[in-house]
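K.L.:
Enclosed is the structure file model31.txt (compact mmCIF, C-alpha atoms and all ligand atoms).
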# COMPACT_ATOMS: atom_id res chain seq x y z
CA MET A 1 -62.71 37.52 2.45
CA ALA A 2 -64.23 36.56 -0.89
CA ARG A 3 -64.46 33.02 0.43
CA LYS A 4 -66.44 34.16 3.46
CA LEU A 5 -68.86 35.99 1.23
CA SER A 6 -69.38 32.95 -0.93
CA LEU A 7 -70.18 30.89 2.17
CA LEU A 8 -72.88 33.32 3.20
CA ALA A 9 -74.18 33.63 -0.32
CA GLN A 10 -75.32 30.04 0.04
CA HIS A 11 -77.96 31.32 2.46
CA MET A 12 -79.63 33.25 -0.31
CA ALA A 13 -82.23 30.98 -1.72
CA ASN A 14 -84.79 31.14 -4.44
CA ALA A 15 -88.52 31.11 -3.83
CA LEU A 16 -90.15 27.69 -3.60
CA PRO A 17 -92.82 26.80 -6.20
CA HIS A 18 -95.98 27.62 -4.22
CA SER A 19 -96.97 30.99 -2.84
CA LEU A 20 -99.86 32.52 -0.94
CA LEU A 21 -101.73 35.33 -2.66
CA ASN A 22 -104.81 36.84 -1.05
CA GLY A 23 -105.94 33.64 0.63
CA ALA A 24 -105.13 31.16 -2.15
CA ILE A 25 -102.12 28.93 -2.76
CA VAL A 26 -100.87 29.68 -6.27
CA PRO A 27 -97.81 28.79 -8.37
CA THR A 28 -95.16 31.37 -7.43
CA ASN A 29 -94.42 32.10 -11.09
CA ASP A 30 -98.08 32.94 -11.76
CA ALA A 31 -98.65 35.22 -8.75
CA ARG A 32 -99.59 38.73 -9.93
CA ILE A 33 -100.46 41.98 -8.16
CA SER A 34 -101.40 45.42 -9.45
CA PRO A 35 -98.60 47.90 -10.22
CA LEU A 36 -100.80 50.40 -8.37
CA ASP A 37 -100.32 48.38 -5.18
CA ARG A 38 -99.19 50.77 -2.46
CA GLY A 39 -96.56 48.25 -1.43
CA PHE A 40 -94.94 48.81 -4.84
CA LEU A 41 -95.55 52.58 -5.07
CA PHE A 42 -94.89 53.64 -1.47
CA GLY A 43 -93.39 50.67 0.39
CA ASP A 44 -96.67 50.92 2.32
CA GLY A 45 -96.81 47.60 4.10
CA ILE A 46 -95.45 45.22 6.70
CA TYR A 47 -93.61 41.92 6.42
CA GLU A 48 -92.49 38.98 8.52
CA VAL A 49 -89.92 36.23 8.09
CA VAL A 50 -90.68 33.08 10.06
CA PRO A 51 -88.22 30.19 10.34
CA VAL A 52 -89.70 26.71 9.88
CA TYR A 53 -88.00 23.54 11.07
CA ALA A 54 -89.29 20.09 10.15
CA GLY A 55 -92.41 21.77 8.79
CA LYS A 56 -93.15 23.62 12.04
CA PRO A 57 -92.88 27.39 12.35
CA LEU A 58 -90.77 28.58 15.30
CA ARG A 59 -92.46 31.16 17.57
CA LEU A 60 -95.31 31.79 15.12
CA THR A 61 -97.37 33.61 17.77
CA ALA A 62 -94.57 36.11 18.40
CA HIS A 63 -94.30 36.74 14.65
CA PHE A 64 -98.08 37.27 14.41
CA ASP A 65 -97.90 39.66 17.41
CA ARG A 66 -95.21 41.72 15.68
CA LEU A 67 -97.14 41.67 12.40
CA GLN A 68 -100.19 43.01 14.24
CA ASP A 69 -98.12 45.75 15.92
CA GLY A 70 -96.81 46.84 12.51
CA LEU A 71 -100.27 46.85 10.93
CA ASP A 72 -101.60 48.87 13.89
CA ALA A 73 -98.77 51.40 13.51
CA LEU A 74 -99.63 51.82 9.81
CA GLU A 75 -103.39 51.74 10.46
CA ILE A 76 -103.89 48.83 8.08
CA ALA A 77 -106.73 46.49 9.08
CA ASN A 78 -105.50 42.91 9.49
CA PRO A 79 -107.35 40.97 6.80
CA TYR A 80 -107.33 37.66 8.72
CA SER A 81 -107.93 36.30 12.20
CA ARG A 82 -105.02 34.59 13.96
CA ALA A 83 -106.59 31.21 13.30
CA ARG A 84 -106.94 31.95 9.57
CA TRP A 85 -103.34 33.21 9.39
CA ALA A 86 -102.09 30.03 11.05
CA GLU A 87 -104.12 27.91 8.65
CA LEU A 88 -102.76 29.76 5.62
CA VAL A 89 -99.16 29.57 6.83
CA HIS A 90 -99.47 25.84 7.42
CA GLU A 91 -101.07 25.35 3.99
CA LEU A 92 -98.24 27.31 2.41
CA ILE A 93 -95.60 25.23 4.18
CA ALA A 94 -97.33 21.96 3.27
CA SER A 95 -97.75 23.02 -0.37
CA ASN A 96 -93.97 23.36 -0.55
CA GLY A 97 -93.34 19.97 1.02
CA GLY A 98 -92.60 20.95 4.65
CA GLY A 99 -89.07 20.54 6.01
CA ASP A 100 -86.78 23.46 6.86
CA MET A 101 -87.61 26.76 5.20
CA GLY A 102 -88.22 30.42 5.74
CA VAL A 103 -91.70 31.85 5.25
CA TYR A 104 -91.95 35.43 4.03
CA LEU A 105 -95.30 37.12 4.67
CA GLU A 106 -96.25 40.55 3.43
CA VAL A 107 -99.34 42.65 3.94
CA SER A 108 -99.51 45.85 1.93
CA ARG A 109 -102.26 48.42 2.15
CA GLY A 110 -103.45 47.26 -1.27
CA ALA A 111 -103.95 48.81 -4.70
CA GLY A 112 -105.55 52.23 -5.09
CA LYS A 113 -107.14 53.90 -8.08
CA GLY A 114 -104.02 55.96 -8.65
CA ARG A 115 -101.15 57.38 -6.61
CA ASP A 116 -102.20 59.47 -3.68
CA PHE A 117 -100.05 59.69 -0.55
CA LEU A 118 -103.16 59.53 1.59
CA PRO A 119 -104.74 56.07 1.42
CA GLU A 120 -108.21 55.74 -0.05
CA PRO A 121 -110.90 54.68 2.42
CA ASP A 122 -111.71 50.97 2.81
CA MET A 123 -108.72 49.63 0.92
CA GLN A 124 -108.37 45.88 0.58
CA PRO A 125 -104.89 44.83 1.80
CA THR A 126 -102.78 42.61 -0.46
CA VAL A 127 -101.38 39.50 1.23
CA PHE A 128 -98.44 37.72 -0.33
CA GLY A 129 -96.42 34.89 1.14
CA PHE A 130 -93.67 32.71 -0.22
CA CYS A 131 -91.18 30.17 1.09
CA PHE A 132 -87.47 29.78 0.58
CA PRO A 133 -85.17 26.99 1.70
CA ILE A 134 -83.05 27.55 4.79
CA THR A 135 -80.17 25.22 5.47
CA PRO A 136 -78.22 24.92 8.70
CA PRO A 137 -75.06 27.05 8.61
CA LYS A 138 -72.24 25.12 6.94
CA PRO A 139 -69.57 23.73 9.32
CA GLU A 140 -66.99 25.91 7.55
CA LEU A 141 -69.03 29.01 8.31
CA LEU A 142 -69.46 27.96 11.94
CA ALA A 143 -65.74 27.31 12.21
CA ARG A 144 -64.80 30.69 10.82
CA GLY A 145 -67.63 33.08 11.63
CA ILE A 146 -68.59 36.10 9.58
CA ALA A 147 -67.16 39.53 8.86
CA ALA A 148 -69.03 42.71 9.75
CA ALA A 149 -68.53 46.39 9.06
CA THR A 150 -69.59 49.18 11.41
CA LEU A 151 -71.75 51.70 9.56
CA GLU A 152 -73.74 54.73 10.61
CA ASP A 153 -77.46 53.91 10.60
CA ILE A 154 -79.02 55.81 7.71
CA ARG A 155 -82.50 54.32 8.21
CA TRP A 156 -85.55 56.14 9.55
CA GLN A 157 -86.70 56.80 13.13
CA ARG A 158 -89.19 53.90 13.38
CA CYS A 159 -87.00 50.85 12.93
CA ASP A 160 -89.28 49.01 15.38
CA ILE A 161 -91.77 48.71 12.50
CA LYS A 162 -90.99 45.81 10.14
CA SER A 163 -91.70 47.98 7.12
CA ILE A 164 -91.28 46.64 3.59
CA ALA A 165 -89.51 49.92 2.70
CA LEU A 166 -86.01 48.45 2.92
CA VAL A 167 -83.90 50.66 0.69
CA GLY A 168 -81.86 51.81 3.72
CA PRO A 169 -80.71 48.29 4.64
CA VAL A 170 -80.19 47.49 0.93
CA MET A 171 -77.75 50.42 0.64
CA LEU A 172 -76.08 49.44 3.91
CA LYS A 173 -75.67 45.80 2.83
CA MET A 174 -74.12 46.94 -0.45
CA GLU A 175 -71.68 49.17 1.43
CA ALA A 176 -70.84 46.32 3.82
CA LYS A 177 -70.17 44.05 0.85
CA ARG A 178 -67.88 46.66 -0.72
CA ARG A 179 -65.94 46.55 2.55
CA GLY A 180 -65.67 42.75 2.38
CA ALA A 181 -68.26 42.17 5.10
CA ASP A 182 -71.36 39.98 5.31
CA GLU A 183 -73.34 42.19 7.66
CA ALA A 184 -73.43 45.85 8.64
CA ILE A 185 -73.49 46.57 12.35
CA LEU A 186 -75.30 49.88 12.65
CA VAL A 187 -74.53 52.64 15.09
CA ARG A 188 -76.31 55.92 15.78
CA GLY A 189 -73.49 58.15 16.89
CA GLU A 190 -72.00 56.39 19.91
CA ARG A 191 -74.87 53.90 20.35
CA LEU A 192 -75.18 50.43 18.86
CA ALA A 193 -78.50 50.18 16.99
CA GLU A 194 -78.64 46.65 15.48
CA GLY A 195 -77.46 44.72 12.44
CA SER A 196 -78.79 45.76 9.02
CA SER A 197 -80.94 42.60 9.18
CA SER A 198 -80.12 41.16 12.60
CA ALA A 199 -80.05 41.69 16.34
CA VAL A 200 -76.61 42.08 17.92
CA PHE A 201 -75.10 40.66 21.12
CA VAL A 202 -71.70 41.47 22.62
CA VAL A 203 -69.70 39.49 25.17
CA LYS A 204 -66.96 40.94 27.36
CA ASN A 205 -65.31 39.07 30.24
CA GLY A 206 -68.15 36.53 30.17
CA ARG A 207 -70.88 39.20 30.41
CA ILE A 208 -73.42 39.15 27.59
CA ALA A 209 -75.24 42.30 26.56
CA THR A 210 -77.79 43.34 23.94
CA PRO A 211 -79.52 46.69 23.51
CA PRO A 212 -83.11 47.18 24.71
CA ALA A 213 -86.23 47.56 22.57
CA SER A 214 -86.64 51.08 21.17
CA HIS A 215 -87.70 52.89 18.01
CA GLU A 216 -84.12 52.41 16.79
CA ARG A 217 -84.37 48.65 16.43
CA LEU A 218 -86.66 45.85 15.41
CA PRO A 219 -87.99 43.71 18.27
CA SER A 220 -86.20 40.60 17.02
CA ILE A 221 -87.88 37.26 17.68
CA THR A 222 -84.56 35.42 17.46
CA ARG A 223 -83.30 37.75 20.21
CA LEU A 224 -86.11 36.34 22.39
CA VAL A 225 -85.09 32.81 21.43
CA VAL A 226 -81.45 33.57 22.30
CA GLY A 227 -82.75 34.99 25.61
CA ASP A 228 -84.47 31.67 26.32
CA VAL A 229 -81.32 29.79 25.31
CA LEU A 230 -79.28 31.89 27.76
CA ASP A 231 -81.87 31.22 30.49
CA ALA A 232 -81.54 27.49 29.84
CA LEU A 233 -77.77 27.84 30.12
CA LYS A 234 -78.17 29.97 33.28
CA LEU A 235 -76.18 32.74 31.62
CA PRO A 236 -77.46 36.22 32.53
CA LEU A 237 -78.25 38.67 29.74
CA GLU A 238 -77.76 42.40 30.31
CA VAL A 239 -80.30 44.39 28.34
CA ARG A 240 -78.75 47.85 28.11
CA GLU A 241 -77.46 50.37 25.62
CA VAL A 242 -74.16 49.25 24.11
CA ARG A 243 -71.60 51.91 23.19
CA ARG A 244 -69.88 51.89 19.83
CA GLY A 245 -66.52 51.68 21.61
CA GLU A 246 -67.48 48.34 23.15
CA LEU A 247 -67.61 46.67 19.75
CA PRO A 248 -63.88 46.59 18.86
CA ALA A 249 -63.09 45.72 22.50
CA ALA A 250 -65.57 42.80 22.70
CA ASP A 251 -64.45 39.20 23.23
CA GLU A 252 -67.36 38.02 21.10
CA ILE A 253 -70.01 39.58 18.88
CA TRP A 254 -73.01 37.62 17.61
CA ILE A 255 -75.71 38.48 15.15
CA ALA A 256 -79.11 36.79 15.35
CA SER A 257 -82.02 36.57 12.93
CA SER A 258 -84.78 34.27 11.79
CA THR A 259 -82.80 33.14 8.75
CA ARG A 260 -79.34 32.90 10.35
CA GLU A 261 -80.05 31.82 13.94
CA ALA A 262 -77.08 33.13 15.98
CA LEU A 263 -73.77 33.54 14.13
CA PRO A 264 -70.40 34.68 15.48
CA VAL A 265 -68.87 37.85 14.04
CA THR A 266 -65.15 37.12 14.04
CA SER A 267 -63.92 40.13 12.13
CA LEU A 268 -65.13 43.71 12.53
CA ASP A 269 -63.91 46.45 10.19
CA GLY A 270 -61.10 44.14 9.09
CA LYS A 271 -59.85 43.48 12.65
CA ALA A 272 -60.19 40.27 14.64
CA VAL A 273 -62.97 40.13 17.24
CA GLY A 274 -61.49 38.60 20.42
CA GLU A 275 -59.26 35.73 19.38
CA GLY A 276 -60.50 35.99 15.79
CA GLY A 277 -62.58 32.79 15.89
CA PRO A 278 -66.05 31.83 17.14
CA GLY A 279 -66.02 32.28 20.91
CA PRO A 280 -66.78 29.73 23.63
CA VAL A 281 -69.97 31.47 24.82
CA TRP A 282 -71.36 31.54 21.28
CA ARG A 283 -70.55 27.81 20.93
CA ARG A 284 -72.70 26.99 23.98
CA VAL A 285 -75.48 29.22 22.68
CA PHE A 286 -75.32 27.56 19.28
CA ASP A 287 -75.58 24.04 20.74
CA GLU A 288 -78.46 24.97 23.04
CA PHE A 289 -80.18 26.78 20.16
CA GLN A 290 -80.15 23.51 18.20
CA ALA A 291 -81.61 21.69 21.21
CA LEU A 292 -84.36 24.33 21.54
CA LYS A 293 -85.23 24.00 17.84
CA GLN A 294 -85.46 20.26 18.30
CA ARG A 295 -87.73 20.64 21.35
CA GLU A 296 -90.02 23.30 19.89
CA ALA A 297 -90.15 22.39 16.25
CA GLY A 298 -88.30 19.11 15.74
N1 LIG A 301 -84.67 40.46 9.24
N2 LIG A 301 -83.23 43.74 12.83
C1 LIG A 301 -83.51 43.92 11.53
C2 LIG A 301 -83.34 45.27 10.96
C3 LIG A 301 -83.96 42.84 10.75
O1 LIG A 301 -84.25 43.02 9.46
C4 LIG A 301 -84.07 41.55 11.35
C5 LIG A 301 -84.54 40.34 10.59
C6 LIG A 301 -83.76 41.41 12.70
C7 LIG A 301 -83.91 40.11 13.42
O2 LIG A 301 -85.29 39.86 13.64
P1 LIG A 301 -85.83 38.37 13.77
O3 LIG A 301 -85.04 37.72 14.84
O4 LIG A 301 -87.24 38.53 14.18
O5 LIG A 301 -85.65 37.73 12.44
C8 LIG A 301 -83.36 42.53 13.42
C9 LIG A 301 -85.29 39.40 8.45
C10 LIG A 301 -84.82 38.03 8.73
C11 LIG A 301 -85.27 39.79 6.99
O6 LIG A 301 -85.57 40.93 6.73
O7 LIG A 301 -85.01 38.95 6.14
Before we go any further, please render this structure as structure tokens.
P.N.:
Amino acid sequence: MARKLSLLAQHMANALPHSLLNGAIVPTNDARISPLDRGFLFGDGIYEVVPVYAGKPLRLTAHFDRLQDGLDALEIANPYSRARWAELVHELIASNGGGDMGVYLEVSRGAGKGRDFLPEPDMQPTVFGFCFPITPPKPELLARGIAAATLEDIRWQRCDIKSIALVGPVMLKMEAKRRGADEAILVRGERLAEGSSSAVFVVKNGRIATPPASHERLPSITRLVVGDVLDALKLPLEVREVRRGELPAADEIWIASSTREALPVTSLDGKAVGEGGPGPVWRRVFDEFQALKQREAG
């Protein structure tokens, strides 16, 4: 189990040298914001994580759409036009040398004069962006899959908003780690919600299912990509609520996210999923996912 954790730990990567702060590219180590920033005091902001392959962001428009939805929900005015955002993201990627990386973007409501729950009028949002390397999953990881733990979802009721207030998932990840798992698969009572930082798919008797969009889960962009991959493979996807009881009985479970693509969960709560190795449907999805990356961003 410890070995599995160490494999995943390789995905954690330090920030690259150049960051975006309020419209300028700056050395990451010199980037400074006010301690009165509402992102810091209240978790009052929105973020995005965009995967970049060969210097090209994957599904950037979908990420910008979700960013806008989050800003609208929080009533924060978007400081930039789409065109300006795209320019800044490309500058940020180029400043860090292109290649494969993740781009983190955050918009907080900005710094106030003090600490008042109600925002001051006409606040200037703070925009911060940084990059971190992403590497393709190691062959060992692909051969073995990851371990997950089923945990009750302790997060709030608006998980569709990509809020920077992430203490819920932080606590859940720590609990998953204590249980020897790399990811927490979250349930609300008898219903599958999502992973603590991923979308979830289950396969039973060749039928693939994932839960629908709702306030209980983030509208994952990678889930859309996996949907396109399944279309290309002519494999139907059932979008429906998944019951907790289906998880231990599944032939395959996958998690999907912008930083991890689609990975097979081969052990759940210490018990083998299906045959205990990455399943054949996941393997086809993985291969087609690589082809899609190549087509769209390669
Ligand atoms: N998290 N659900 C949750 C709760 C998430 O945090 C994420 C991603 C996903 C998958 O969304 P997407 O396919 O758009 O990455 C689902 C990112 C990667 C993060 O917080 O680092």
K.L.:
Could you report the residues within 10 Å of ligand LIG 301 (chain A), using only C-alpha atoms and all ligand atoms, as a PyMOL selection string?
P.N.:
chain A and resi 47-51+59+62-63+66+102-104+155+159-164+166+168-169+186+193-200+216-226+255-262
K.L.:
I need the chosen residues saved as a short mmCIF file (atom, residue, chain, number, x, y, z; two decimals), keeping the file's coordinate frame, with C-alpha atoms.
P.N.:
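Contents of again-v2.cif, freshly written:
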data_model
loop_
_atom_site.label_atom_id
_atom_site.label_comp_id
_atom_site.auth_asym_id
_atom_site.auth_seq_id
_atom_site.Cartn_x
_atom_site.Cartn_y
_atom_site.Cartn_z
CA TYR A 47 -93.61 41.92 6.42
CA GLU A 48 -92.49 38.98 8.52
CA VAL A 49 -89.92 36.23 8.09
CA VAL A 50 -90.68 33.08 10.06
CA PRO A 51 -88.22 30.19 10.34
CA ARG A 59 -92.46 31.16 17.57
CA ALA A 62 -94.57 36.11 18.40
CA HIS A 63 -94.30 36.74 14.65
CA ARG A 66 -95.21 41.72 15.68
CA GLY A 102 -88.22 30.42 5.74
CA VAL A 103 -91.70 31.85 5.25
CA TYR A 104 -91.95 35.43 4.03
CA ARG A 155 -82.50 54.32 8.21
CA CYS A 159 -87.00 50.85 12.93
CA ASP A 160 -89.28 49.01 15.38
CA ILE A 161 -91.77 48.71 12.50
CA LYS A 162 -90.99 45.81 10.14
CA SER A 163 -91.70 47.98 7.12
CA ILE A 164 -91.28 46.64 3.59
CA LEU A 166 -86.01 48.45 2.92
CA GLY A 168 -81.86 51.81 3.72
CA PRO A 169 -80.71 48.29 4.64
CA LEU A 186 -75.30 49.88 12.65
CA ALA A 193 -78.50 50.18 16.99
CA GLU A 194 -78.64 46.65 15.48
CA GLY A 195 -77.46 44.72 12.44
CA SER A 196 -78.79 45.76 9.02
CA SER A 197 -80.94 42.60 9.18
CA SER A 198 -80.12 41.16 12.60
CA ALA A 199 -80.05 41.69 16.34
CA VAL A 200 -76.61 42.08 17.92
CA GLU A 216 -84.12 52.41 16.79
CA ARG A 217 -84.37 48.65 16.43
CA LEU A 218 -86.66 45.85 15.41
CA PRO A 219 -87.99 43.71 18.27
CA SER A 220 -86.20 40.60 17.02
CA ILE A 221 -87.88 37.26 17.68
CA THR A 222 -84.56 35.42 17.46
CA ARG A 223 -83.30 37.75 20.21
CA LEU A 224 -86.11 36.34 22.39
CA VAL A 225 -85.09 32.81 21.43
CA VAL A 226 -81.45 33.57 22.30
CA ILE A 255 -75.71 38.48 15.15
CA ALA A 256 -79.11 36.79 15.35
CA SER A 257 -82.02 36.57 12.93
CA SER A 258 -84.78 34.27 11.79
CA THR A 259 -82.80 33.14 8.75
CA ARG A 260 -79.34 32.90 10.35
CA GLU A 261 -80.05 31.82 13.94
CA ALA A 262 -77.08 33.13 15.98
#
K.L.:
Please provide the set of residues having any atom within 12 Å of Lys113 in chain A, restricted to only C-alpha atoms, with same-chain residues fewer than 3 positions apart removed, written as JSON, numbers by chain.
P.N.:
{"A": [34, 35, 36, 37, 38, 110, 116, 117, 118, 119, 120, 121, 123, 124]}
K.L.:
If we count all atoms listed in the file and set the cut-off at 12 Å, which residues sit around Gln68 in chain A, ignoring sequence neighbours fewer than 6 positions away in its own chain? Please answer as a PyMOL selection string.
P.N.:
chain A and resi 45-48+61-62+74-82+85+106-107+161-162
K.L.:
Under the rule that only C-alpha atoms are counted, which of A:Val281, A:Leu292, A:Ala209, A:Val203 is the nearest residue to Ala250 in chain A?
P.N.:
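Of the candidates, the smallest distance to Ala250 in chain A is held by A:Val203.
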K.L.:
Grab all the atoms of range 115-127 of chain A that the file lists, wrap them in a box along x, y and z, add 6 Å per side, and give me centre plus edge lengths in Å (one decimal) as lines of an AutoDock Vina configuration file.
P.N.:
center_x = -105.9
center_y = 49.6
center_z = -1.9
size_x = 23.7
size_y = 32.2
size_z = 21.4
K.L.:
May I ask which of the residues A:Leu263, A:Ile93, A:Leu192, A:Met101 is the closest one to Phe289 in chain A, counting all atoms listed in the file?
P.N.:
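Counting all atoms listed in the file, the residue closest to Phe289 in chain A is A:Leu263.
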K.L.:
Kindly extract all protein, DNA and RNA residues lying within 12 Å of the coordinates (-87.0, 21.1, 19.4) given in the file, considering only C-alpha atoms, and supply them as a list in words.
P.N.:
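Selection result: Val52, Tyr53, Ala54, Gly55, Lys56, Pro57, Leu58, Arg59, Val229, Asp287, Glu288, Phe289, Gln290, Ala291, Leu292, Lys293, Gln294, Arg295, Glu296, Ala297 and Gly298 of chain A.
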K.L.:
Figure out the distance between CA of Val187 in chain A and CA of Gly276 in chain A, please, to one decimal in Å.
P.N.:
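These atoms are spaced 21.8 Å apart.
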K.L.:
Could you tell me which of A:Asp44, A:Ala147, A:Trp254, A:Ala31 comes closest to Glu183 in chain A if we count only C-alpha atoms?
P.N.:
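Of the candidates, the smallest distance to Glu183 in chain A is held by A:Ala147.
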K.L.:
How many Å separate CA of Pro280 in chain A from CA of Val265 in chain A?
P.N.:
12.7 Å
K.L.:
How far is it from CA of Lys271 in chain A to CA of Arg240 in chain A, in Å with one decimal?
P.N.:
24.8 Å
K.L.:
From the options A:Leu235, A:Ala148, A:Trp282, A:Ala272, which residue's atoms come nearest to Arg178 in chain A, counting only C-alpha atoms?
P.N.:
A:Ala148
K.L.:
Could you name the residues that touch Asn96 in chain A at 8 Å or less, counting all atoms listed in the file, but leaving out those on the same chain fewer than 3 positions away, as a ChimeraX atom specification?
P.N.:
/A:16-18,92-93,131
K.L.:
In terms of the shortest atom-to-atom distance over all atoms listed in the file, which of A:Pro278, A:Leu20, A:Asp269, A:Pro133 is closest to Ile33 in chain A?
P.N.:
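So, comparing all the options, the nearest one is A:Leu20.
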K.L.:
Around (-73.1, 55.4, 13.3) in the file's own coordinates, what residues are found within 10 Å if you use only C-alpha atoms, given back as a list in words?
P.N.:
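Within the cut-off we find Thr150, Leu151, Glu152, Asp153, Ile154, Ile185, Leu186, Val187, Arg188, Gly189, Glu190, Arg191, Leu192, Ala193 and Arg244 of chain A.
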K.L.:
Tell me which of A:Ala149, A:Ala165, A:Ala143, A:Leu233 sits closest to Leu247 in chain A, counting all atoms listed in the file.
P.N.:
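Smallest distance to Leu247 in chain A is found for A:Ala149.
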